[in-house]
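Here is work.txt, consisting of compact mmCIF, C-alpha atoms:
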```txt
# COMPACT_ATOMS: atom_id res chain seq x y z
CA MET A 1084 -132.73 -33.19 137.34
CA SER A 1085 -131.51 -34.41 140.71
CA ILE A 1086 -130.00 -31.97 143.16
CA GLN A 1087 -126.54 -33.07 144.20
CA ARG A 1088 -125.03 -31.79 147.39
CA PRO A 1089 -121.78 -29.85 147.03
CA ARG A 1090 -118.53 -31.58 147.78
CA PRO A 1091 -118.07 -31.66 151.57
CA PRO A 1092 -115.14 -29.77 153.05
CA ARG A 1093 -112.11 -31.73 154.12
CA LYS A 1094 -112.26 -32.85 157.70
CA ASN A 1095 -110.26 -30.87 160.23
CA PRO A 1096 -107.65 -33.37 161.46
CA LEU A 1097 -107.91 -31.87 164.96
CA SER A 1098 -111.63 -32.61 165.15
CA ARG A 1099 -112.87 -35.66 166.98
CA THR A 1100 -113.86 -38.61 164.81
CA THR A 1101 -117.54 -39.20 165.48
CA ALA A 1102 -118.13 -42.45 167.33
CA PRO A 1103 -120.47 -44.88 165.52
CA LEU A 1104 -124.05 -45.09 166.76
CA LEU A 1105 -126.67 -47.47 165.44
CA PRO A 1106 -130.44 -47.26 165.08
CA PRO A 1107 -132.45 -49.72 167.18
CA PRO A 1108 -131.40 -53.18 165.93
CA GLY A 1109 -134.23 -55.34 167.28
CA ARG A 1110 -136.47 -57.11 164.74
CA SER A 1111 -138.69 -60.16 164.97
CA ARG A 1112 -137.81 -63.42 163.26
CA ALA A 1113 -140.60 -62.84 160.74
CA ALA A 1114 -139.14 -59.44 159.83
CA HIS A 1115 -135.95 -61.02 158.51
CA GLY A 1116 -137.86 -61.92 155.37
CA LEU A 1117 -137.93 -58.17 154.73
CA THR A 1118 -134.20 -58.06 155.50
CA GLN A 1119 -133.55 -60.50 152.69
CA ALA A 1120 -135.67 -58.48 150.27
CA ALA A 1121 -133.91 -55.23 151.22
CA ALA A 1122 -130.49 -56.84 150.83
CA LEU A 1123 -131.42 -57.73 147.25
CA GLY A 1124 -132.97 -54.35 146.44
CA GLN A 1125 -136.53 -55.68 146.25
CA PHE A 1126 -139.75 -54.27 147.68
CA ALA A 1127 -141.57 -57.21 149.27
CA LEU A 1128 -144.07 -57.64 152.09
CA HIS A 1129 -145.79 -60.58 153.78
CA GLN A 1130 -148.65 -62.03 151.76
CA CYS A 1131 -151.13 -64.70 152.75
CA PRO A 1132 -151.20 -67.66 150.30
CA GLU A 1133 -154.82 -68.39 151.23
CA CYS A 1134 -156.62 -65.03 150.94
CA GLN A 1135 -153.83 -63.02 149.21
CA THR A 1136 -153.91 -60.30 151.89
CA VAL A 1137 -150.72 -58.23 152.05
CA SER A 1138 -149.79 -57.23 155.59
CA TYR A 1139 -147.38 -54.90 157.36
CA PRO A 1140 -145.67 -54.83 159.83
CA ALA A 1141 -144.21 -58.33 159.77
CA ARG A 1142 -146.28 -60.86 161.69
CA ASP A 1143 -146.65 -64.61 162.09
CA ALA A 1144 -150.30 -64.93 161.02
CA CYS A 1145 -152.57 -63.32 158.45
CA PRO A 1146 -154.63 -60.52 160.06
CA LYS A 1147 -157.65 -61.48 157.92
CA CYS A 1148 -157.88 -65.30 157.88
CA LEU A 1149 -155.26 -66.19 160.58
CA CYS A 1150 -153.29 -68.39 158.17
CA GLY A 1151 -149.88 -69.04 159.75
CA ASN A 1152 -147.92 -69.54 156.53
CA LEU A 1153 -147.22 -66.01 155.32
CA VAL A 1154 -144.77 -65.63 152.44
CA VAL A 1155 -142.56 -62.61 151.69
CA THR A 1156 -143.59 -61.66 148.15
CA PRO A 1157 -142.63 -58.78 145.80
CA VAL A 1158 -145.55 -56.34 145.69
CA PRO A 1159 -146.29 -52.98 143.97
CA ASN A 1160 -144.55 -50.16 145.81
CA GLY A 1161 -146.87 -47.28 144.91
CA GLY A 1162 -149.23 -45.56 147.32
CA THR A 1163 -150.84 -42.32 148.51
CA VAL A 1164 -149.40 -40.18 151.30
CA LEU A 1165 -152.04 -39.78 154.02
CA SER A 1166 -150.02 -37.57 156.34
CA VAL A 1167 -146.48 -36.35 157.02
CA THR A 1168 -144.93 -35.72 160.43
CA THR A 1169 -141.69 -33.88 161.21
CA ILE A 1170 -139.83 -35.13 164.29
CA GLN A 1171 -137.62 -32.44 165.76
CA ILE A 1172 -135.98 -34.49 168.52
CA SER A 1173 -135.71 -38.17 169.32
CA GLY A 1174 -134.92 -40.23 172.40
CA GLU A 1175 -132.61 -42.41 170.32
CA PRO A 1176 -129.01 -41.05 170.26
CA TYR A 1177 -128.54 -42.18 166.64
CA PHE A 1178 -131.52 -40.16 165.39
CA ARG A 1179 -130.57 -37.08 167.41
CA ARG A 1180 -127.65 -36.61 165.02
CA LEU A 1181 -130.03 -36.61 162.04
CA ALA A 1182 -132.82 -34.37 163.36
CA PRO A 1183 -135.18 -33.27 162.04
CA ALA A 1184 -136.68 -36.42 160.55
CA ARG A 1185 -139.81 -36.79 158.41
CA GLN A 1186 -142.13 -39.76 158.56
CA ALA A 1187 -145.11 -40.42 156.32
CA LEU A 1188 -148.24 -42.53 156.67
CA ILE A 1189 -148.79 -44.15 153.27
CA ALA A 1190 -151.72 -46.21 152.00
CA LEU A 1191 -150.11 -48.69 149.61
CA ASP A 1192 -151.97 -49.79 146.50
CA CYS A 1193 -151.38 -53.42 147.51
CA GLY A 1194 -153.39 -52.99 150.73
CA PRO A 1195 -151.62 -52.12 153.99
CA THR A 1196 -150.97 -48.67 155.45
CA ILE A 1197 -147.33 -48.22 156.41
CA VAL A 1198 -145.12 -45.76 158.26
CA ALA A 1199 -142.02 -44.83 156.27
CA GLU A 1200 -139.11 -42.45 156.40
CA ALA A 1201 -140.00 -39.72 153.90
CA ARG A 1202 -137.94 -37.54 151.61
CA PRO A 1203 -138.31 -33.81 152.37
CA ASP A 1204 -140.41 -33.17 149.26
CA CYS A 1205 -143.08 -35.75 150.18
CA GLN A 1206 -146.37 -33.97 150.87
CA THR A 1207 -149.81 -35.06 152.06
CA GLY A 1208 -152.04 -36.27 149.23
CA MET A 1209 -149.34 -36.93 146.67
CA ARG A 1210 -148.43 -40.24 145.11
CA ALA A 1211 -145.31 -41.88 146.51
CA SER A 1212 -143.15 -44.91 145.84
CA ALA A 1213 -141.66 -46.92 148.69
CA SER A 1214 -138.45 -48.92 148.85
CA LEU A 1215 -137.05 -51.36 151.38
CA GLN A 1216 -133.62 -50.31 152.61
CA LEU A 1217 -131.11 -51.60 155.13
CA ASP A 1218 -130.23 -49.14 157.88
CA LYS A 1219 -126.86 -48.81 159.61
CA ALA A 1220 -127.77 -51.70 161.92
CA GLY A 1221 -128.45 -53.91 158.91
CA GLN A 1222 -132.19 -53.99 159.57
CA PRO A 1223 -135.01 -53.29 157.06
CA VAL A 1224 -136.71 -49.89 156.96
CA ILE A 1225 -139.06 -48.33 154.39
CA TYR A 1226 -138.15 -45.10 152.62
CA ALA A 1227 -140.65 -43.09 150.54
CA ARG A 1228 -140.12 -40.57 147.74
CA PRO A 1229 -142.51 -38.80 145.35
CA GLU A 1230 -143.64 -41.20 142.65
CA ASN A 1231 -142.89 -38.88 139.73
CA GLY A 1232 -139.86 -37.20 141.27
CA SER A 1233 -136.20 -37.92 140.75
CA PRO A 1234 -135.09 -41.29 142.16
CA ASP A 1235 -131.96 -39.58 143.50
CA SER A 1236 -132.37 -38.57 147.16
CA ASP A 1237 -128.82 -37.35 147.63
CA SER A 1238 -129.90 -34.09 149.26
CA ASP A 1239 -131.51 -35.99 152.17
CA PRO A 1240 -129.04 -36.97 154.93
CA HIS A 1241 -131.39 -39.76 156.05
CA TRP A 1242 -131.14 -41.35 152.61
CA ARG A 1243 -127.35 -41.10 152.63
CA GLU A 1244 -127.37 -43.15 155.84
CA LEU A 1245 -129.14 -45.96 153.96
CA VAL A 1246 -126.83 -46.19 150.94
CA ALA A 1247 -123.15 -45.98 149.97
CA ASP A 1248 -123.35 -43.57 147.05
CA PRO A 1249 -119.88 -43.02 145.48
CA LEU A 1250 -120.58 -39.30 145.07
CA HIS A 1251 -117.61 -37.31 146.48
CA ARG A 1252 -116.10 -40.50 147.95
CA ARG A 1253 -112.60 -41.90 147.57
CA CYS A 1254 -112.48 -45.46 146.29
CA LEU A 1255 -109.81 -48.16 146.22
CA ILE A 1256 -109.93 -50.99 143.65
CA THR A 1257 -107.50 -53.68 144.71
CA ASP A 1258 -106.75 -55.47 141.42
CA GLY A 1259 -106.01 -53.23 138.45
CA ARG A 1260 -105.45 -56.19 136.13
CA ASN A 1261 -109.01 -57.47 136.52
CA PRO A 1262 -110.98 -56.83 133.29
CA ILE A 1263 -113.73 -55.04 135.23
CA THR A 1264 -111.33 -52.42 136.65
CA LEU A 1265 -111.31 -49.98 133.72
CA PRO A 1266 -115.11 -49.83 133.29
CA LEU A 1267 -115.52 -49.78 137.06
CA ALA A 1268 -113.21 -46.78 137.44
CA LYS A 1269 -115.18 -45.01 134.69
CA ALA A 1270 -118.49 -45.84 136.38
CA LEU A 1271 -117.30 -44.61 139.78
CA LEU A 1272 -116.01 -41.34 138.35
CA GLY A 1273 -119.20 -40.97 136.33
CA SER A 1274 -121.15 -41.25 139.61
CA GLY A 1275 -119.15 -38.42 141.13
CA ALA A 1276 -116.37 -40.23 143.00
CA ALA A 1277 -113.70 -37.78 144.11
CA LYS A 1278 -110.79 -40.13 143.46
CA VAL A 1279 -110.15 -43.73 142.46
CA LEU A 1280 -107.02 -45.55 143.65
CA ILE A 1281 -106.12 -48.70 141.73
CA GLY A 1282 -103.75 -51.33 143.07
CA ILE A 1283 -101.30 -52.88 140.62
CA SER A 1284 -99.09 -55.82 141.51
CA GLU A 1285 -95.72 -56.29 139.78
CA ARG A 1286 -95.97 -53.15 137.69
CA TRP A 1287 -92.96 -54.20 135.65
CA LYS A 1288 -95.21 -56.70 133.86
CA PRO A 1289 -96.98 -55.42 130.71
CA PHE A 1290 -100.33 -53.88 131.57
CA ALA A 1291 -102.45 -52.80 128.60
CA ASP A 1292 -104.98 -50.70 130.52
CA ALA A 1293 -102.47 -48.66 132.53
CA ALA A 1294 -102.44 -45.71 130.12
CA LYS A 1295 -106.24 -45.79 129.76
CA LEU A 1296 -106.67 -45.70 133.54
CA GLU A 1297 -104.26 -42.81 134.02
CA ALA A 1298 -106.03 -40.90 131.25
CA LEU A 1299 -109.26 -40.88 133.23
CA GLY A 1300 -108.04 -38.01 135.39
CA ALA A 1301 -108.86 -38.55 139.07
CA VAL A 1302 -107.19 -41.99 139.07
CA GLU A 1303 -103.98 -42.93 140.84
CA LEU A 1304 -102.16 -46.23 140.35
CA VAL A 1305 -100.48 -47.59 143.47
CA ASP A 1306 -98.21 -50.57 144.02
CA LEU A 1307 -100.35 -53.19 145.78
CA ASP A 1308 -99.48 -56.87 145.95
CA LEU A 1309 -102.25 -58.66 147.83
CA ALA A 1310 -99.96 -61.64 148.42
CA ASP A 1311 -97.45 -59.44 150.30
CA ASP A 1312 -98.41 -58.23 153.77
CA GLN A 1313 -95.83 -55.43 153.71
CA SER A 1314 -97.24 -54.10 150.45
CA VAL A 1315 -100.79 -54.04 151.82
CA SER A 1316 -99.55 -52.41 155.04
CA ALA A 1317 -97.70 -49.68 153.11
CA VAL A 1318 -100.78 -48.79 151.04
CA ALA A 1319 -102.97 -48.75 154.15
CA ALA A 1320 -100.52 -46.44 155.91
CA ASP A 1321 -100.72 -43.97 153.03
CA TYR A 1322 -104.37 -44.29 152.02
CA GLY A 1323 -106.28 -46.17 154.75
CA ALA A 1324 -107.72 -43.04 156.34
CA ARG A 1325 -108.65 -41.72 152.89
CA THR A 1326 -110.48 -44.81 151.62
CA ASP A 1327 -114.28 -44.55 151.80
CA ILE A 1328 -115.18 -47.47 149.53
CA LEU A 1329 -112.89 -50.50 149.16
CA ILE A 1330 -113.58 -52.83 146.24
CA HIS A 1331 -111.80 -56.19 146.50
CA ASN A 1332 -111.88 -57.60 142.98
CA ALA A 1333 -108.85 -59.90 142.96
CA LEU A 1334 -109.15 -62.44 140.16
CA HIS A 1335 -106.94 -65.53 139.97
CA LEU A 1336 -108.74 -67.88 137.59
CA ARG A 1337 -107.06 -71.09 136.40
CA PRO A 1338 -108.69 -74.30 135.12
CA GLY A 1339 -107.79 -77.65 136.62
CA SER A 1340 -108.95 -80.83 138.30
CA ILE A 1341 -108.32 -81.57 141.97
CA LEU A 1342 -106.84 -84.90 140.81
CA ALA A 1343 -104.10 -83.13 138.86
CA GLY A 1344 -100.67 -82.90 140.42
CA GLY A 1345 -100.26 -79.15 139.96
CA GLU A 1346 -103.61 -78.24 141.50
CA LEU A 1347 -102.08 -77.69 144.94
CA LEU A 1348 -99.89 -74.89 143.60
CA LYS A 1349 -102.84 -73.30 141.77
CA ALA A 1350 -104.96 -73.45 144.90
CA ARG A 1351 -102.20 -71.93 147.00
CA ASP A 1352 -101.68 -69.06 144.58
CA ALA A 1353 -105.42 -68.41 144.26
CA MET A 1354 -105.96 -68.45 148.02
CA ASP A 1355 -102.97 -66.20 148.61
CA VAL A 1356 -104.35 -63.49 146.33
CA SER A 1357 -108.11 -63.74 146.88
CA TYR A 1358 -108.77 -65.11 150.37
CA PHE A 1359 -105.56 -64.33 152.24
CA GLY A 1360 -105.37 -61.07 150.31
CA ALA A 1361 -108.79 -60.19 151.72
CA LEU A 1362 -107.58 -61.06 155.21
CA ARG A 1363 -104.56 -58.78 154.78
CA LEU A 1364 -106.83 -55.98 153.60
CA ALA A 1365 -109.13 -56.54 156.59
CA HIS A 1366 -106.21 -56.48 158.99
CA HIS A 1367 -104.79 -53.19 157.70
CA PHE A 1368 -107.84 -51.33 156.32
CA GLY A 1369 -110.66 -52.81 158.41
CA PRO A 1370 -110.01 -51.10 161.77
CA ILE A 1371 -109.55 -47.71 160.08
CA MET A 1372 -112.76 -48.00 158.06
CA ARG A 1373 -114.70 -49.25 161.07
CA ALA A 1374 -113.55 -46.26 163.12
CA ARG A 1375 -114.64 -43.88 160.34
CA GLY A 1376 -118.06 -45.40 159.75
CA ALA A 1377 -119.98 -42.53 161.37
CA ASP A 1378 -117.87 -39.56 160.31
CA ARG A 1379 -120.75 -37.89 158.43
CA ASP A 1380 -119.91 -36.87 154.85
CA ASN A 1381 -116.28 -37.91 155.34
CA SER A 1382 -117.14 -41.38 156.56
CA ALA A 1383 -116.11 -44.80 155.29
CA ALA A 1384 -119.12 -46.23 153.50
CA ALA A 1385 -118.70 -49.68 152.01
CA TRP A 1386 -116.54 -52.72 151.41
CA VAL A 1387 -117.34 -54.56 148.16
CA ASN A 1388 -116.34 -58.18 147.46
CA VAL A 1389 -116.60 -59.23 143.81
CA LEU A 1390 -117.29 -62.96 143.85
CA SER A 1391 -118.40 -65.71 141.50
CA ILE A 1392 -121.63 -67.68 141.67
CA PHE A 1393 -119.33 -70.66 142.25
CA ALA A 1394 -118.77 -69.41 145.77
CA HIS A 1395 -122.01 -71.32 146.46
CA LEU A 1396 -121.32 -74.48 144.48
CA SER A 1397 -118.05 -75.87 143.11
CA TRP A 1398 -117.36 -75.77 139.39
CA PRO A 1399 -115.54 -79.07 138.69
CA GLY A 1400 -113.34 -77.68 135.91
CA PHE A 1401 -112.15 -74.82 138.15
CA ALA A 1402 -111.82 -76.52 141.53
CA ALA A 1403 -109.20 -74.23 143.07
CA TYR A 1404 -111.03 -71.12 141.93
CA SER A 1405 -114.34 -72.37 143.37
CA ALA A 1406 -112.72 -73.21 146.70
CA THR A 1407 -111.20 -69.73 146.84
CA GLN A 1408 -114.56 -68.15 146.13
CA ALA A 1409 -116.27 -70.21 148.84
CA ALA A 1410 -113.62 -69.13 151.35
CA SER A 1411 -114.03 -65.52 150.24
CA LEU A 1412 -117.79 -65.69 150.75
CA SER A 1413 -117.25 -66.97 154.29
CA PHE A 1414 -114.80 -64.10 154.83
CA SER A 1415 -117.39 -61.61 153.59
CA GLN A 1416 -120.02 -62.88 156.00
CA ALA A 1417 -117.59 -62.61 158.90
CA LEU A 1418 -116.56 -59.11 157.80
CA ARG A 1419 -120.21 -58.01 157.69
CA ALA A 1420 -120.59 -59.06 161.32
CA GLU A 1421 -117.38 -57.21 162.27
CA MET A 1422 -118.43 -54.05 160.44
CA ARG A 1423 -121.99 -54.05 161.70
CA GLY A 1424 -121.21 -51.90 164.73
CA SER A 1425 -119.75 -49.16 162.52
CA GLY A 1426 -122.43 -48.99 159.84
CA VAL A 1427 -119.95 -49.73 157.04
CA ARG A 1428 -121.87 -51.72 154.43
CA VAL A 1429 -120.45 -55.00 153.08
CA LEU A 1430 -121.67 -55.76 149.56
CA ASP A 1431 -121.28 -59.11 147.79
CA VAL A 1432 -121.50 -59.01 143.99
CA PHE A 1433 -121.95 -62.44 142.40
CA THR A 1434 -121.19 -62.81 138.70
CA GLY A 1435 -121.68 -65.61 136.25
CA PRO A 1436 -118.93 -66.53 133.75
CA MET A 1437 -117.50 -63.33 132.30
CA GLU A 1438 -116.42 -62.52 128.75
CA ILE A 1439 -112.69 -62.89 129.46
CA ASP A 1440 -109.81 -64.81 127.87
CA TRP A 1441 -109.73 -67.60 130.47
CA LEU A 1442 -113.36 -68.47 129.71
CA GLU A 1443 -113.40 -68.05 125.93
CA HIS A 1444 -114.24 -71.76 125.52
CA LEU A 1445 -117.62 -71.30 127.20
CA PRO A 1446 -120.68 -70.59 125.03
CA PRO A 1447 -122.85 -67.52 125.70
CA PRO A 1448 -124.54 -66.08 127.57
CA LYS A 1449 -121.64 -64.54 129.45
CA VAL A 1450 -121.59 -61.28 131.34
CA GLN A 1451 -119.53 -58.37 130.09
CA PRO A 1452 -117.03 -56.77 132.52
CA SER A 1453 -118.66 -53.39 131.90
CA ALA A 1454 -122.02 -54.80 133.04
CA VAL A 1455 -120.43 -55.98 136.29
CA ALA A 1456 -118.95 -52.53 136.84
CA HIS A 1457 -122.26 -50.72 136.37
CA GLU A 1458 -124.08 -53.20 138.62
CA ILE A 1459 -121.56 -52.60 141.42
CA VAL A 1460 -122.16 -48.85 141.29
CA ALA A 1461 -125.93 -49.36 141.11
CA ALA A 1462 -125.86 -51.65 144.16
CA LEU A 1463 -123.83 -49.08 146.12
CA LYS A 1464 -126.25 -46.29 145.20
CA SER A 1465 -129.27 -48.33 146.28
CA GLY A 1466 -127.72 -49.62 149.54
CA GLU A 1467 -127.82 -53.35 148.84
CA GLU A 1468 -125.88 -56.16 150.50
CA GLU A 1469 -126.11 -58.61 147.61
CA ARG A 1470 -126.26 -58.20 143.83
CA TRP A 1471 -126.36 -60.97 141.20
CA VAL A 1472 -125.10 -59.90 137.79
CA GLY A 1473 -126.14 -61.41 134.49
CA ASP A 1474 -128.74 -63.89 133.29
CA VAL A 1475 -126.62 -66.92 134.24
CA ALA A 1476 -126.13 -65.65 137.80
CA LYS A 1477 -129.82 -64.88 138.32
CA ASP A 1478 -130.87 -68.25 136.90
CA PHE A 1479 -128.28 -69.94 139.12
CA ARG A 1480 -129.65 -68.18 142.20
CA GLU A 1481 -133.22 -69.33 141.62
CA ARG A 1482 -132.29 -72.89 140.69
CA PHE A 1483 -129.83 -73.23 143.57
CA ARG A 1484 -132.45 -72.14 146.09
CA ALA A 1485 -134.98 -74.56 144.61
CA ASN A 1486 -132.77 -77.65 144.23
CA PRO A 1487 -128.96 -77.43 144.63
CA LYS A 1488 -128.50 -81.09 143.67
CA GLU A 1489 -130.08 -80.52 140.28
CA ILE A 1490 -127.72 -77.68 139.39
CA GLU A 1491 -124.73 -79.60 140.80
CA ARG A 1492 -125.41 -82.44 138.36
CA ASP A 1493 -125.75 -79.97 135.51
CA LEU A 1494 -122.28 -78.63 136.24
CA TRP A 1495 -120.83 -82.13 135.89
CA ARG A 1496 -121.71 -82.08 132.19
CA GLN A 1497 -119.90 -78.81 131.44
```
I need this file expressed as structure tokens, please.
Amino acid sequence: MSIQRPRPPRKNPLSRTTAPLLPPPGRSRAAHGLTQAAALGQFALHQCPECQTVSYPARDACPKCLCGNLVVTPVPNGGTVLSVTTIQISGEPYFRRLAPARQALIALDCGPTIVAEARPDCQTGMRASASLQLDKAGQPVIYARPENGSPDSDSDPHWRELVADPLHRRCLITDGRNPITLPLAKALLGSGAAKVLIGISERWKPFADAAKLEALGAVELVDLDLADDQSVSAVAADYGARTDILIHNALHLRPGSILAGGELLKARDAMDVSYFGALRLAHHFGPIMRARGADRDNSAAAWVNVLSIFAHLSWPGFAAYSATQAASLSFSQALRAEMRGSGVRVLDVFTGPMEIDWLEHLPPPKVQPSAVAHEIVAALKSGEEERWVGDVAKDFRERFRANPKEIERDLWRQ
């Protein structure tokens, strides 16, 4: 059983909000291969394609045969702890707030010996598993935990700096009519979220899941129209300082060709809800969350954008939707840069076609809304920046990286 920390006390409103500090951000160009792996929740190190030597830290040439074409490759993450050191004080202001810190020297089964941040129960001689994480500066670090112990490191404040666990946090889901909202609210509450706010636009319209959401307990429905700046401003005024995780899941999905006369109206409506809605949220919630990014257990933790795989490549039958998703992906990348100084994590969740009414004409496989919800929570708990959900999405990712023209032509036939 994992040991969960008790719910933190409410912050004294007269206390100073802790100013954000970041760990040292400098990394070499080669190290950004590890950044990509950490963003996807993978454990990968540089491996030589000639002699298969795995090396760490990141470097430009193989330490054994001097090959200059190292490739970041997923490798086994198990190893043996050689020694553990406790650091009582640091010259870095960021780490002074987290003292003491434990670091372990670990001989990995795949070859190299690494230095990693260690969970308090790591001891010399024991087996350990390592994971690549992104720190508050968005740079890769290695964290180690006992191999046979609980994967939950919630009791370690250093681990909480590397993830955005919903435990005891207050969450806002922006689109209550999205099919993923009900399972997502259940998943967040099941992970220990203190409260879930759910935005509903035009509440006078029939809404089948309203009663089910209210029956969950720690859920509050709020009037939120992402196409109305005054509505977003009013919600931010009431709940901005109490939102730790914001999940922007606006869904405006309509089929249509760009040659059709009504496509302009569809595109305008889709952009107004998804892309311009995100801009309104950033304008009213962004500065508050950025200011609260270092407020310890009461801090803002993450901004989640639920996107489609067609943010990367247009789907001809849903041209307006694809354009909206592409714009939203660009927004997310800009937001990550803006939030970087605060340590608030920006997570992009890419889904394939979902099992919803608008896509009932598509054959399987399609991803279930409940699967998307559970993947969002899992990505928050592991501190990722990017999560691809479903077999279609993962296949799309690999094929798109290999040959985008091939997959573009495939979409023409759908």
Select, from A:Cys1205, A:Leu1149, A:Val1137, A:Val1246, the residue with the minimum atom-to-atom distance to Ala1461 in chain A, counting all atoms listed in the file.
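Smallest separation from Ala1461 in chain A among the options: A:Val1246.
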Considering all atoms listed in the file, state which residue in the set A:Cys1145, A:Met1354, A:Ala1456, A:Ala1277 is at the smallest distance from Arg1093 in chain A.
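Once distances to Arg1093 in chain A are computed over all atoms listed in the file, the minimum belongs to A:Ala1277.
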Coordinates-based distance that separates CA of Glu1467 in chain A from CA of Thr1118 in chain A (Å, one decimal):
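Spanning CA of Thr1118 in chain A to CA of Glu1467 in chain A is a straight-line distance of 10.4 Å.
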Which value, in Å to one decimal, gives the distance between CA of Gly1259 in chain A and CA of Ile1283 in chain A?
5.2 Å
Pick the closest to Gly1300 in chain A from A:Ala1184, A:Val1279, A:Leu1348, A:Cys1254: which is it, counting all atoms listed in the file?
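Closest candidate: A:Val1279.
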Polymer residues at most 9 Å from Trp1495 in chain A, all atoms listed in the file, same-chain spacing of 2 or more positions, as number ranges by chain
A: 1398-1400, 1490-1493, 1497
Set the distance at 12 Å and use all atoms listed in the file: which residues neighbour Pro1446 in chain A once local chain neighbours fewer than 2 positions away are removed? I'd like the list as a list in words.
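Contacts, with the query itself left out: Pro1436, Met1437, Glu1438, Ile1439, Leu1442, Glu1443, His1444, Pro1448, Lys1449, Val1450, Val1475 and Gln1497 of chain A.
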CA of Gly1275 in chain A to CA of Leu1418 in chain A: how many Å, to one decimal?
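Straight-line distance from CA of Gly1275 in chain A to CA of Leu1418 in chain A works out to 26.7 Å.
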Taking the point (-132.5, -38.8, 156.4) as given in the file, collect each protein or nucleic acid residue that comes within 10 Å of it, counting all atoms listed in the file, and present the set as a list in words.
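Protein and nucleic acid residues near the point are Phe1178, Leu1181, Ala1182, Pro1183, Ala1184, Arg1185, Gln1186, Glu1200, Ala1201, Arg1202, Pro1203, Tyr1226, Ser1236, Asp1237, Ser1238, Asp1239, Pro1240, His1241, Trp1242, Arg1243, Glu1244 and Leu1245 of chain A.
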Of the candidates A:Ala1144, A:Ala1374, A:Ala1485, A:Val1167, which one gets nearest to Ala1324 in chain A if we count only C-alpha atoms?
A:Ala1374
From the list A:Thr1101, A:Asn1486, A:Asn1381, A:Thr1169, which residue is nearest Leu1396 in chain A when using only C-alpha atoms?
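That would be A:Asn1486, the residue with the smallest distance to Leu1396 in chain A.
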Got a minute to add all heavy atoms to range 1471-1475 of chain A and dump it as a short mmCIF file (atom, residue, chain, number, x, y, z; two decimals), in the coordinates of the input?
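The file below, rebuild-v1.cif, is the result:
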```cif
data_model
loop_
_atom_site.label_atom_id
_atom_site.label_comp_id
_atom_site.auth_asym_id
_atom_site.auth_seq_id
_atom_site.Cartn_x
_atom_site.Cartn_y
_atom_site.Cartn_z
N TRP A 1471 -126.68 -59.91 142.15
CA TRP A 1471 -126.36 -60.97 141.20
C TRP A 1471 -126.37 -60.37 139.81
O TRP A 1471 -127.34 -59.73 139.41
CB TRP A 1471 -127.37 -62.11 141.32
CG TRP A 1471 -127.32 -62.80 142.66
CD1 TRP A 1471 -127.71 -62.28 143.86
CD2 TRP A 1471 -126.84 -64.11 142.93
NE1 TRP A 1471 -127.51 -63.19 144.87
CE2 TRP A 1471 -126.98 -64.33 144.33
CE3 TRP A 1471 -126.33 -65.14 142.14
CZ2 TRP A 1471 -126.62 -65.52 144.94
CZ3 TRP A 1471 -125.96 -66.33 142.75
CH2 TRP A 1471 -126.10 -66.52 144.12
N VAL A 1472 -125.30 -60.60 139.06
CA VAL A 1472 -125.10 -59.90 137.79
C VAL A 1472 -125.17 -60.88 136.63
O VAL A 1472 -124.41 -61.87 136.59
CB VAL A 1472 -123.74 -59.18 137.77
CG1 VAL A 1472 -123.58 -58.40 136.48
CG2 VAL A 1472 -123.61 -58.25 138.97
N GLY A 1473 -126.05 -60.61 135.69
CA GLY A 1473 -126.14 -61.41 134.49
C GLY A 1473 -127.22 -62.46 134.56
O GLY A 1473 -127.64 -62.89 135.63
N ASP A 1474 -127.67 -62.90 133.38
CA ASP A 1474 -128.74 -63.89 133.29
C ASP A 1474 -128.32 -65.23 133.91
O ASP A 1474 -129.13 -65.89 134.57
CB ASP A 1474 -129.13 -64.11 131.83
CG ASP A 1474 -129.78 -62.88 131.22
OD1 ASP A 1474 -130.32 -62.06 132.00
OD2 ASP A 1474 -129.75 -62.73 129.98
N VAL A 1475 -127.08 -65.64 133.69
CA VAL A 1475 -126.62 -66.92 134.24
C VAL A 1475 -126.64 -66.88 135.76
O VAL A 1475 -127.07 -67.82 136.43
CB VAL A 1475 -125.21 -67.26 133.72
CG1 VAL A 1475 -124.65 -68.49 134.43
CG2 VAL A 1475 -125.25 -67.50 132.22
#
```
